[in-house]
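start31.csv, holding CSV, C-alpha atoms:
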```csv
chain,number,residue,atom,x,y,z
X,17,MET,CA,17.8,9.0,-36.4
X,18,ASP,CA,16.6,6.6,-39.1
X,19,GLN,CA,13.3,6.9,-40.9
X,20,THR,CA,11.9,3.8,-39.2
X,21,PHE,CA,12.4,5.4,-35.8
X,22,THR,CA,10.9,8.7,-36.9
X,23,THR,CA,7.8,7.0,-38.3
X,24,SER,CA,7.5,4.8,-35.2
X,25,SER,CA,7.7,7.9,-32.9
X,26,PHE,CA,5.1,9.8,-34.9
X,27,LEU,CA,2.7,6.8,-34.7
X,28,SER,CA,3.1,6.3,-31.0
X,29,GLU,CA,2.6,10.0,-30.3
X,30,ASN,CA,-0.7,9.8,-32.2
X,31,ILE,CA,-1.8,6.8,-30.2
X,32,ILE,CA,-1.0,8.6,-26.9
X,33,ARG,CA,-3.0,11.6,-28.1
X,34,ALA,CA,-5.9,9.4,-29.1
X,35,ALA,CA,-5.8,7.6,-25.7
X,36,VAL,CA,-5.8,10.9,-23.8
X,37,LYS,CA,-8.5,12.4,-26.0
X,38,GLY,CA,-10.7,9.3,-25.6
X,39,GLY,CA,-10.5,9.2,-21.9
X,40,SER,CA,-13.4,10.2,-19.6
X,41,TYR,CA,-12.3,12.3,-16.6
X,42,GLY,CA,-15.6,12.9,-15.0
X,43,ARG,CA,-17.7,16.0,-14.3
X,44,PRO,CA,-18.2,18.2,-11.2
X,45,GLN,CA,-20.9,17.2,-8.8
X,46,GLN,CA,-24.2,19.1,-9.1
X,47,ARG,CA,-23.9,20.3,-5.5
X,48,THR,CA,-20.5,21.8,-6.3
X,49,LEU,CA,-22.0,23.6,-9.3
X,50,ASP,CA,-24.9,24.8,-7.2
X,51,PHE,CA,-22.5,26.2,-4.6
X,52,ILE,CA,-20.5,28.1,-7.2
X,53,ARG,CA,-23.6,29.6,-8.8
X,54,ASN,CA,-25.0,30.7,-5.4
X,55,PHE,CA,-21.6,32.1,-4.4
X,56,ALA,CA,-21.3,34.0,-7.7
X,57,ALA,CA,-24.9,35.5,-7.1
X,58,ASP,CA,-24.2,36.4,-3.5
X,59,MET,CA,-20.9,38.1,-4.4
X,60,SER,CA,-22.6,40.0,-7.1
X,61,LYS,CA,-25.4,41.2,-4.8
X,62,ALA,CA,-22.8,42.1,-2.1
X,63,GLY,CA,-20.7,44.0,-4.7
E,27,MET,CA,-32.9,39.4,-25.5
E,28,GLN,CA,-29.2,38.9,-25.7
E,29,ASN,CA,-28.0,35.4,-26.4
E,30,LEU,CA,-25.3,34.9,-23.8
E,31,PHE,CA,-23.9,31.8,-25.5
E,32,GLN,CA,-22.9,33.8,-28.5
E,33,LEU,CA,-20.8,36.3,-26.4
E,34,THR,CA,-17.1,36.1,-25.9
E,35,ASP,CA,-15.7,35.3,-22.5
E,36,ASP,CA,-14.6,38.8,-21.9
E,37,GLN,CA,-18.0,40.1,-22.8
E,38,LEU,CA,-19.6,37.7,-20.3
E,39,VAL,CA,-17.0,38.8,-17.6
E,40,ALA,CA,-18.0,42.4,-18.2
E,41,LEU,CA,-21.7,41.6,-17.9
E,42,TYR,CA,-21.2,39.6,-14.7
E,43,SER,CA,-19.1,42.5,-13.2
E,44,ASN,CA,-22.2,44.6,-13.8
E,45,GLY,CA,-24.5,42.3,-11.9
E,46,ASN,CA,-25.7,39.8,-14.6
E,47,THR,CA,-25.4,36.5,-12.9
E,48,LYS,CA,-26.7,34.6,-15.9
E,49,ALA,CA,-23.5,35.7,-17.7
E,50,PHE,CA,-21.5,34.0,-15.0
E,51,ASP,CA,-23.6,30.9,-15.3
E,52,THR,CA,-22.8,30.8,-19.0
E,53,LEU,CA,-19.1,31.1,-18.3
E,54,LEU,CA,-19.4,28.2,-15.7
E,55,SER,CA,-21.2,26.0,-18.3
E,56,ARG,CA,-18.6,26.8,-20.9
E,57,TYR,CA,-15.6,25.7,-18.8
E,58,GLN,CA,-16.9,23.3,-16.2
E,59,ASP,CA,-16.2,20.0,-18.0
E,60,LYS,CA,-12.9,21.1,-19.5
E,61,LEU,CA,-11.6,22.5,-16.2
E,62,TYR,CA,-12.8,19.6,-14.1
E,63,SER,CA,-11.3,17.1,-16.5
E,64,TYR,CA,-7.9,18.8,-16.2
E,65,ILE,CA,-8.0,18.9,-12.4
E,66,ASN,CA,-9.2,15.3,-12.1
E,67,PHE,CA,-6.6,14.1,-14.7
E,68,VAL,CA,-3.8,15.6,-12.6
E,69,VAL,CA,-5.0,14.7,-9.0
E,70,ARG,CA,-6.7,11.4,-9.8
E,71,ASN,CA,-9.2,11.8,-7.0
E,72,ARG,CA,-12.8,12.9,-7.7
E,73,ASP,CA,-13.5,14.4,-4.3
E,74,LEU,CA,-10.3,16.3,-4.3
E,75,ALA,CA,-11.0,17.4,-7.9
E,76,ASP,CA,-14.4,18.7,-6.8
E,77,ASP,CA,-12.8,20.7,-3.9
E,78,ILE,CA,-10.1,22.2,-6.2
E,79,PHE,CA,-12.7,22.9,-8.9
E,80,GLN,CA,-14.8,24.8,-6.4
E,81,ASP,CA,-11.9,26.7,-4.9
E,82,THR,CA,-10.8,27.7,-8.4
E,83,PHE,CA,-14.1,29.3,-9.2
E,84,VAL,CA,-14.4,30.9,-5.8
E,85,LYS,CA,-11.0,32.6,-6.3
E,86,ALA,CA,-12.0,33.6,-9.9
E,87,ILE,CA,-15.3,35.1,-8.7
E,88,VAL,CA,-13.6,37.1,-5.9
E,89,THR,CA,-11.1,38.4,-8.4
E,90,LEU,CA,-13.8,39.3,-10.9
E,91,GLN,CA,-15.9,41.1,-8.3
E,92,LYS,CA,-12.9,43.1,-7.1
E,93,GLY,CA,-12.3,44.2,-10.7
E,94,ASN,CA,-8.8,42.7,-10.7
E,95,TYR,CA,-9.2,40.5,-13.8
E,96,THR,CA,-7.5,41.9,-16.9
E,97,SER,CA,-9.3,41.0,-20.1
E,98,THR,CA,-6.9,39.3,-22.4
E,99,GLY,CA,-9.2,37.0,-24.3
E,100,LYS,CA,-7.7,34.0,-22.4
E,101,PHE,CA,-10.3,33.4,-19.7
E,102,GLY,CA,-9.9,29.6,-19.9
E,103,ALA,CA,-6.2,29.8,-19.6
E,104,TRP,CA,-6.5,32.1,-16.6
E,105,LEU,CA,-8.9,29.6,-14.9
E,106,THR,CA,-6.5,26.7,-15.6
E,107,ARG,CA,-3.6,28.7,-14.1
E,108,ILE,CA,-5.6,29.3,-10.9
E,109,ALA,CA,-6.4,25.6,-10.8
E,110,HIS,CA,-2.8,24.7,-11.5
E,111,ASN,CA,-1.6,26.9,-8.6
E,112,LEU,CA,-4.2,25.4,-6.2
E,113,ILE,CA,-3.1,21.8,-7.2
E,114,ILE,CA,0.6,22.8,-6.5
E,115,ASP,CA,-0.5,24.3,-3.1
E,116,TYR,CA,-2.4,21.1,-2.2
E,117,PHE,CA,0.5,18.8,-3.0
E,118,ARG,CA,3.0,21.1,-1.2
E,119,GLN,CA,0.8,21.1,1.9
E,120,ASP,CA,0.2,17.3,1.6
E,121,LYS,CA,3.9,16.7,1.4
E,122,ASN,CA,4.6,19.0,4.4
E,123,GLU,CA,2.1,17.0,6.4
E,124,ASN,CA,3.9,13.8,5.6
E,125,THR,CA,0.9,12.2,4.2
E,126,VAL,CA,1.1,10.1,1.1
E,127,SER,CA,1.9,12.2,-2.0
E,128,ASN,CA,0.1,11.9,-5.3
E,129,ASP,CA,3.2,10.4,-6.9
E,130,ALA,CA,3.5,7.9,-4.2
E,131,GLN,CA,-0.2,6.8,-4.4
E,132,ASP,CA,-0.4,3.0,-4.2
E,133,TYR,CA,-0.6,2.8,-7.9
E,134,ASP,CA,2.0,0.2,-8.7
E,135,LEU,CA,2.0,-0.2,-12.4
E,136,LEU,CA,4.1,-3.3,-12.4
E,137,ASN,CA,1.7,-5.1,-10.1
E,138,ASP,CA,-1.5,-3.8,-11.7
E,139,ALA,CA,-3.3,-7.1,-12.3
E,140,SER,CA,-5.4,-5.9,-15.3
E,141,LEU,CA,-2.3,-4.6,-17.0
E,142,ALA,CA,-0.1,-7.5,-16.1
E,143,GLU,CA,-2.6,-9.9,-17.7
E,144,THR,CA,-2.5,-8.0,-21.0
E,145,ASN,CA,-0.7,-9.9,-23.6
E,146,ILE,CA,0.4,-8.9,-27.2
E,147,GLU,CA,-2.7,-10.5,-28.7
E,148,ASP,CA,-5.1,-8.5,-26.5
E,149,SER,CA,-3.2,-5.3,-27.5
E,150,LEU,CA,-4.3,-5.8,-31.1
E,151,ILE,CA,-7.8,-4.7,-30.0
E,152,ASN,CA,-7.7,-0.9,-30.3
E,153,ASP,CA,-9.8,-0.1,-27.3
E,154,GLN,CA,-7.6,-2.2,-25.1
E,155,THR,CA,-4.5,-0.6,-26.5
E,156,LEU,CA,-5.9,2.9,-25.8
E,157,ARG,CA,-6.9,1.8,-22.2
E,158,ASP,CA,-3.4,0.5,-21.7
E,159,VAL,CA,-1.8,3.7,-22.9
E,160,ARG,CA,-4.1,5.7,-20.6
E,161,ARG,CA,-2.7,3.6,-17.7
E,162,LEU,CA,0.8,4.4,-18.8
E,163,VAL,CA,0.0,8.1,-18.9
E,164,ASP,CA,-1.6,7.8,-15.5
E,165,ALA,CA,1.6,6.4,-14.1
E,166,LEU,CA,3.7,9.4,-15.2
E,167,PRO,CA,5.0,11.9,-12.6
E,168,ASP,CA,2.5,14.7,-12.0
E,169,ASN,CA,4.3,17.5,-13.9
E,170,GLN,CA,4.7,15.3,-17.0
E,171,ARG,CA,1.1,14.0,-16.9
E,172,GLU,CA,-0.1,17.6,-16.7
E,173,VAL,CA,1.8,18.6,-19.8
E,174,VAL,CA,0.6,15.6,-21.7
E,175,PHE,CA,-3.0,16.5,-20.8
E,176,MET,CA,-2.7,20.2,-21.7
E,177,ARG,CA,-1.0,19.3,-25.0
E,178,TYR,CA,-3.1,16.3,-26.2
E,179,TYR,CA,-6.5,16.9,-24.5
E,180,GLN,CA,-6.7,20.7,-24.4
E,181,ASP,CA,-4.6,21.2,-27.5
E,182,LEU,CA,-2.6,24.0,-25.9
E,183,SER,CA,0.6,25.3,-27.4
E,184,PHE,CA,3.9,24.9,-25.4
E,185,LYS,CA,3.9,28.7,-24.9
E,186,GLU,CA,0.4,28.5,-23.3
E,187,ILE,CA,1.4,25.5,-21.2
E,188,ALA,CA,4.5,27.4,-20.1
E,189,ASP,CA,2.5,30.4,-19.1
E,190,ILE,CA,-0.1,28.4,-17.2
E,191,THR,CA,2.4,26.3,-15.3
E,192,GLY,CA,4.8,29.1,-14.7
E,193,VAL,CA,7.8,27.5,-16.3
E,194,SER,CA,9.9,28.2,-19.4
E,195,ILE,CA,8.9,26.9,-22.8
E,196,ASN,CA,12.1,24.7,-22.7
E,197,THR,CA,11.0,23.2,-19.4
E,198,ALA,CA,7.5,22.4,-20.8
E,199,LEU,CA,9.1,20.9,-23.9
E,200,GLY,CA,11.4,18.9,-21.7
E,201,ARG,CA,8.6,17.5,-19.6
E,202,MET,CA,6.8,16.4,-22.7
E,203,ARG,CA,9.9,14.8,-24.0
E,204,TYR,CA,10.5,12.9,-20.8
E,205,ALA,CA,6.8,11.9,-20.7
E,206,LEU,CA,7.1,10.4,-24.2
E,207,ILE,CA,10.3,8.6,-23.3
E,208,ASN,CA,8.8,7.2,-20.1
E,209,ILE,CA,5.6,6.1,-21.8
E,210,ARG,CA,7.6,4.3,-24.5
E,211,LYS,CA,9.9,2.8,-21.9
E,212,MET,CA,6.9,1.5,-19.8
E,213,ALA,CA,5.1,0.3,-23.0
E,214,GLY,CA,8.3,-1.7,-23.9
E,215,GLU,CA,8.5,-3.2,-20.5
E,216,LYS,CA,4.9,-4.2,-20.5
E,217,GLY,CA,4.9,-5.4,-24.1
E,218,ILE,CA,2.3,-2.8,-25.1
E,219,ALA,CA,2.5,-2.0,-28.8
E,220,LEU,CA,2.0,1.7,-29.5
E,221,THR,CA,0.3,1.0,-32.8
E,222,LEU,CA,-3.4,0.4,-33.6
E,223,ALA,CA,-4.7,-2.5,-35.6
E,224,SER,CA,-6.0,-1.2,-38.9
```

Written as structure tokens, that's how I'd like the structure from this file.
Amino acid sequence: MDQTFTTSSFLSENIIRAAVKGGSYGRPQQRTLDFIRNFAADMSKAG
Amino acid sequence: MQNLFQLTDDQLVALYSNGNTKAFDTLLSRYQDKLYSYINFVVRNRDLADDIFQDTFVKAIVTLQKGNYTSTGKFGAWLTRIAHNLIIDYFRQDKNENTVSNDAQDYDLLNDASLAETNIEDSLINDQTLRDVRRLVDALPDNQREVVFMRYYQDLSFKEIADITGVSINTALGRMRYALINIRKMAGEKGIALTLAS
């Protein structure tokens, strides 16, 4: 493996990392969060 | 009054087990975006991601209430492992029902118009390059895409990735290696330079 290939691989891995880090993958819907909070409270009361 | 945000995960788990629902709300706030991002990154469907996210927490709550959670200081990894198993279950069931699998979604990279129109000059714009690379990552097989996300977005070690996904460290390393090979191969085919303009 020559040095050029090593440097190139290092750079491309950093680009992939930056691309993944910079992406936006959304957030859970509010009704989903409300359901989970209510379920947690109900289970706690039941327990 | 105790500031819940300053407590560790295991301290919050203990409080919730003793009836403090605010402690659970704090845990949910702490992990909701990170966990949802992981699920949505893998399944690539927001409605499905919401369902799996909800099922993950339902399973976690039941386990906590039964007192079956063992404190190891790795609550986040535990949640991710539950989500990983639910994703596997979903795709297994989906395959058995002969519906379209996630890998076979009509995501044809080679015929993606926006990507096909990308030329070398456009790739010199950093934002465009990063968007192109995200498309390449999105086109990876599920198990490779999952490892890429855990490694690069969640900054997990290969040991942690192996534990969460239930494979050996060598398998996790192998998936990452193939992911990089595939990304570089696709980038080469599409003329996408894996460098940024300085």

Give one line per residue of chain E that approaches chain X to at most 7 Å, naming the two atoms of the closest pair and their distance in Å to one decimal, counting all atoms listed in the file; sort by chain then ascending residue number and deliver it as JSON lines.
```
{"residue": "E:Gly45", "atom": "CA", "partner": "X:Ser60", "partner_atom": "CA", "distance": 5.7}
{"residue": "E:Thr47", "atom": "CA", "partner": "X:Ala57", "partner_atom": "CA", "distance": 5.9}
{"residue": "E:Asp51", "atom": "CA", "partner": "X:Arg53", "partner_atom": "CA", "distance": 6.6}
{"residue": "E:Asp59", "atom": "CA", "partner": "X:Arg43", "partner_atom": "CA", "distance": 5.7}
{"residue": "E:Tyr62", "atom": "CA", "partner": "X:Arg43", "partner_atom": "CA", "distance": 6.1}
{"residue": "E:Ser63", "atom": "CA", "partner": "X:Tyr41", "partner_atom": "CA", "distance": 4.9}
{"residue": "E:Asn66", "atom": "CA", "partner": "X:Tyr41", "partner_atom": "CA", "distance": 6.2}
{"residue": "E:Phe67", "atom": "CA", "partner": "X:Tyr41", "partner_atom": "CA", "distance": 6.3}
{"residue": "E:Asp76", "atom": "CA", "partner": "X:Pro44", "partner_atom": "CA", "distance": 5.8}
{"residue": "E:Gln80", "atom": "CA", "partner": "X:Thr48", "partner_atom": "CA", "distance": 6.4}
{"residue": "E:Phe83", "atom": "CA", "partner": "X:Ile52", "partner_atom": "CA", "distance": 6.8}
{"residue": "E:Val84", "atom": "CA", "partner": "X:Ile52", "partner_atom": "CA", "distance": 6.9}
{"residue": "E:Ile87", "atom": "CA", "partner": "X:Ala56", "partner_atom": "CA", "distance": 6.2}
{"residue": "E:Gln91", "atom": "CA", "partner": "X:Gly63", "partner_atom": "CA", "distance": 6.7}
{"residue": "E:Leu156", "atom": "CA", "partner": "X:Ala35", "partner_atom": "CA", "distance": 4.7}
{"residue": "E:Arg157", "atom": "CA", "partner": "X:Ala35", "partner_atom": "CA", "distance": 6.9}
{"residue": "E:Val159", "atom": "CA", "partner": "X:Ala35", "partner_atom": "CA", "distance": 6.2}
{"residue": "E:Arg160", "atom": "CA", "partner": "X:Ala35", "partner_atom": "CA", "distance": 5.7}
{"residue": "E:Phe175", "atom": "CA", "partner": "X:Val36", "partner_atom": "CA", "distance": 6.9}
{"residue": "E:Tyr178", "atom": "CA", "partner": "X:Arg33", "partner_atom": "CA", "distance": 5.1}
{"residue": "E:Tyr179", "atom": "CA", "partner": "X:Lys37", "partner_atom": "CA", "distance": 5.1}
{"residue": "E:Leu220", "atom": "CA", "partner": "X:Ser28", "partner_atom": "CA", "distance": 5.0}
{"residue": "E:Thr221", "atom": "CA", "partner": "X:Ser28", "partner_atom": "CA", "distance": 6.3}
```

query = Between atom CA of E:Glu172 and atom CA of E:Ile113, what is the distance, to one decimal in Å?
reply =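 Here the two named atoms are 10.8 Å from each other.
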
query = Quick one, how far is atom CA of E:Met176 from atom CA of E:Ala205?
reply =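 Separation between atom CA of E:Met176 and atom CA of E:Ala205: 12.7 Å.
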
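If you look at atom CA of E:Val68 and atom CA of E:Thr191, they are 12.7 Å away from each other.
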
inquiry  = Give me, as a list in words, all polymer residues having an atom no more than 10 Å from E:Gly192, counting only C-alpha atoms and skipping those fewer than 6 positions away in the same chain.
reply    =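 Once the nearby chain positions are removed, what remains is Arg107, His110, Asn111, Glu186 and Ala198 of chain E.
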
task = Tell me which protein, DNA and RNA residues are within 10 Å of E:Ser194, counting only C-alpha atoms, leaving out same-chain ones fewer than 6 positions away, and put them as a list in words.
result =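 Selected residues are Phe184, Lys185, Ile187, Ala188 and Gly200 of chain E.
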
What are the centre and the three edge lengths of an axis-aligned box that wraps all atoms of stretch 34-48 of chain X in the file, given that 8 Å is added to every side, written as lines of an AutoDock Vina configuration file and rounded to one decimal in Å?
```
center_x = -15.0
center_y = 14.7
center_z = -17.3
size_x = 34.4
size_y = 30.2
size_z = 39.6
```
